[in-house]
Amino acid sequence: MDLSTTYLGFKLSNPLMPGASPLVDDLDNVKRLEDAGAAAIVMHSLFEEQITHEQLGHLHAVEMHEDSFAEALSYFPRAEEYRLGPEAYLEQIRKIKAMVKVPVIASLNGTSPAGWLDYAKLIEQAGADALELNVYYLATQAWETSESVERRTLEAVRVVKGAVKIPVAVKLSPFYSALANLAKQLDEAGADALVLFNRFYQPDIDVEELEVVPSLQLSDSSELLLRLRWLAILSGHVKGSLACSGGVHSPLDAIKAVMAGAHAVQLVSALLKREPAYLQTVRSGMERWMEEHEYSSLSQMHASMSHQKSPNPQALERANYMRILQGWRP
């Protein structure tokens, strides 16, 4: 069974890979993922705040005088709470590259072009085959326009693409008013792939302690639906690759993502809930399903359920919306 695909310009044996997560901080896990058939290794994100603090020498100052700093600084983790500091992150790239034969995709998480630029170059020098820009920004200021938010992301892509030669993917959230237009602009700015989607982890409230507390909920297959919609919408309308991230927990989930238009399928929660070897279970399940349904290659099904295949995708979306609303019964 031919599961081969092309993502970020790399010819891969299959579309499955771990998404950005702590999984690859452990080199034993990295080897287990490759043995399970991971087509690439995506590293966890290095945060802009880590880089900025190190460059300005603030980490020590924050720890020594944390009570005298603005309250906002207390929300950030201390140096030892980060899994890998900036220098250790570069060393981890080198170690993983020496260990595996598949492409290694580093990840930077930030909000500004300057916060990414220097380390994008260092990541390339450390041997990463590609870079994923993880855009995680919540616009909370009433004066900030959607245009300015999008402009910041576009500028980051242009700056990084101008500085490195390796392929660059952009991991987006779904919360843009005109996502298809932004995707087109990112494509034109040089993004080699779009990863759909980043997950915004929603805070909870401790009503006894009167504190806002972080809350991490691993995904389930229900979160895949949003990804399927936008993969289907964007497929065929951008030159770059598309990756699905979030909600893939079974072989059928991965099949759906490919049918919607994904060239690559990233798994995180499914591997955290189980183990790295589960990736092989998903791959084997895909092969069985394809054989049962008489597919000989992944390319036969790729984007077969995209909106581009529909004669009137806008009408299809609205018809489905009305059908769901009218079809509900108590």
# chains A, B, ... in the order shown; residues from 1 in each chain; ligands from 1

$ residues_around --residues "A:Ser21" --least-positions-apart "6" --cutoff "7 Å" --atoms "only C-alpha atoms" --output "ChimeraX atom specification"
/A:43-44,268

$ write_last_selection --atoms "N, CA and C atoms" --output "PDB file, in the first residue's frame"
ATOM      1  N   MET A  43       9.430  19.019  16.626  1.00  0.00           N
ATOM      2  CA  MET A  43       9.850  19.312  17.989  1.00  0.00           C
ATOM      3  C   MET A  43       8.841  20.218  18.686  1.00  0.00           C
ATOM      4  N   HIS A  44       8.916  20.255  20.019  1.00  0.00           N
ATOM      5  CA  HIS A  44       8.055  21.177  20.751  1.00  0.00           C
ATOM      6  C   HIS A  44       8.537  22.606  20.499  1.00  0.00           C
ATOM      7  N   VAL A 268      -0.828  14.361  18.534  1.00  0.00           N
ATOM      8  CA  VAL A 268      -0.245  14.722  19.824  1.00  0.00           C
ATOM      9  C   VAL A 268      -1.011  14.038  20.948  1.00  0.00           C
TER      10      VAL A 268
END

$ residues_around --residues "A:Arg94" --least-positions-apart "5" --cutoff "10 Å" --atoms "only C-alpha atoms" --output "PyMOL selection string"
chain A and resi 88-89+99+104+123+125-128

$ select_by_dssp --residues "stretch 16-236 of chain A" --states "strand (DSSP E)" --output "MDAnalysis selection string"
chainID A and resid 16:18 41:47 104:110 130:135 168:172 193:196 204:206 211:213

$ select_by_dssp --residues "stretch 170-267 of chain A" --states "helix (DSSP H, G or I)" --output "count of residues only"
35

$ atom_distance --atom1 "atom CA of A:Leu122" --atom2 "atom CA of A:Leu186"
23.0 Å

$ atom_distance --atom1 "atom CA of A:Val30" --atom2 "atom CA of A:Gly85"
18.7 Å

$ residues_around --residues "A:Gln300" --least-positions-apart "3" --cutoff "12 Å" --atoms "only C-alpha atoms" --output "list in words"
Met1, Asp2, Leu3, Ser4, Thr5, Ile255, Val258, Met259, Gly261, Met290, His293, Glu294, Tyr295, Ser296, Ser297, Ala303, Ser304 and Met305 of chain A

$ residues_around --residues "A:Ser235" --least-positions-apart "4" --cutoff "9 Å" --atoms "only C-alpha atoms" --output "ChimeraX atom specification"
/A:230-231,239,241-242,260-262,303,306-308

$ write_last_selection --atoms "N, CA and C atoms" --output "short mmCIF file (atom, residue, chain, number, x, y, z; two decimals), in the first residue's frame"
data_model
loop_
_atom_site.label_atom_id
_atom_site.label_comp_id
_atom_site.auth_asym_id
_atom_site.auth_seq_id
_atom_site.Cartn_x
_atom_site.Cartn_y
_atom_site.Cartn_z
N TRP A 230 -11.82 23.48 7.24
CA TRP A 230 -10.87 24.44 6.66
C TRP A 230 -9.84 23.78 5.76
N LEU A 231 -9.50 22.55 6.03
CA LEU A 231 -8.66 21.83 5.07
C LEU A 231 -9.38 21.74 3.72
N LYS A 239 -0.64 27.22 -2.71
CA LYS A 239 0.40 26.43 -3.36
C LYS A 239 1.12 25.52 -2.36
N SER A 241 1.85 23.24 1.22
CA SER A 241 1.26 22.03 1.80
C SER A 241 0.27 22.40 2.89
N LEU A 242 -0.59 21.45 3.23
CA LEU A 242 -1.52 21.60 4.34
C LEU A 242 -1.30 20.44 5.32
N ALA A 260 -9.90 15.48 3.08
CA ALA A 260 -10.23 16.90 3.09
C ALA A 260 -9.14 17.73 2.43
N GLY A 261 -7.91 17.20 2.38
CA GLY A 261 -6.85 17.92 1.70
C GLY A 261 -5.51 17.96 2.41
N ALA A 262 -5.38 17.28 3.54
CA ALA A 262 -4.12 17.31 4.29
C ALA A 262 -3.04 16.50 3.59
N ALA A 303 -7.65 14.97 -1.02
CA ALA A 303 -8.50 16.11 -1.39
C ALA A 303 -9.76 15.70 -2.15
N SER A 306 -12.58 17.73 -0.82
CA SER A 306 -12.34 19.16 -0.68
C SER A 306 -13.46 19.96 -1.34
N HIS A 307 -13.57 21.21 -0.96
CA HIS A 307 -14.59 22.08 -1.55
C HIS A 307 -14.33 22.31 -3.03
N GLN A 308 -13.08 22.21 -3.44
CA GLN A 308 -12.77 22.41 -4.84
C GLN A 308 -13.44 21.36 -5.71
#

$ closest_residue --among "A:Pro22, A:Gly285, A:Gly190, A:Pro174" --to "A:Leu272" --atoms "only C-alpha atoms"
A:Pro22

$ closest_residue --among "A:Phe175, A:Trp143, A:Trp289, A:Phe47" --to "A:Arg199" --atoms "only C-alpha atoms"
A:Phe175

$ residues_around --residues "A:Ala36" --least-positions-apart "5" --cutoff "9 Å" --atoms "only C-alpha atoms" --output "VMD selection string"
chain A and resid 31 276 to 281 283

$ write_last_selection --atoms "N, CA and C atoms" --output "short mmCIF file (atom, residue, chain, number, x, y, z; two decimals), in the first residue's frame"
data_model
loop_
_atom_site.label_atom_id
_atom_site.label_comp_id
_atom_site.auth_asym_id
_atom_site.auth_seq_id
_atom_site.Cartn_x
_atom_site.Cartn_y
_atom_site.Cartn_z
N LYS A 31 13.23 7.89 19.17
CA LYS A 31 13.56 6.65 18.47
C LYS A 31 12.32 5.76 18.34
N PRO A 276 4.07 6.29 22.01
CA PRO A 276 4.56 6.52 20.65
C PRO A 276 4.22 5.41 19.66
N ALA A 277 4.20 4.15 20.14
CA ALA A 277 3.93 3.03 19.24
C ALA A 277 2.53 3.07 18.65
N TYR A 278 1.64 3.89 19.24
CA TYR A 278 0.28 3.97 18.71
C TYR A 278 0.26 4.54 17.29
N LEU A 279 1.30 5.28 16.94
CA LEU A 279 1.36 5.82 15.58
C LEU A 279 1.35 4.69 14.56
N GLN A 280 2.01 3.58 14.87
CA GLN A 280 1.99 2.42 13.98
C GLN A 280 0.60 1.82 13.87
N THR A 281 -0.16 1.84 14.96
CA THR A 281 -1.54 1.36 14.94
C THR A 281 -2.39 2.17 13.97
N ARG A 283 -1.25 3.94 11.43
CA ARG A 283 -0.78 3.68 10.07
C ARG A 283 -1.33 2.35 9.55
#
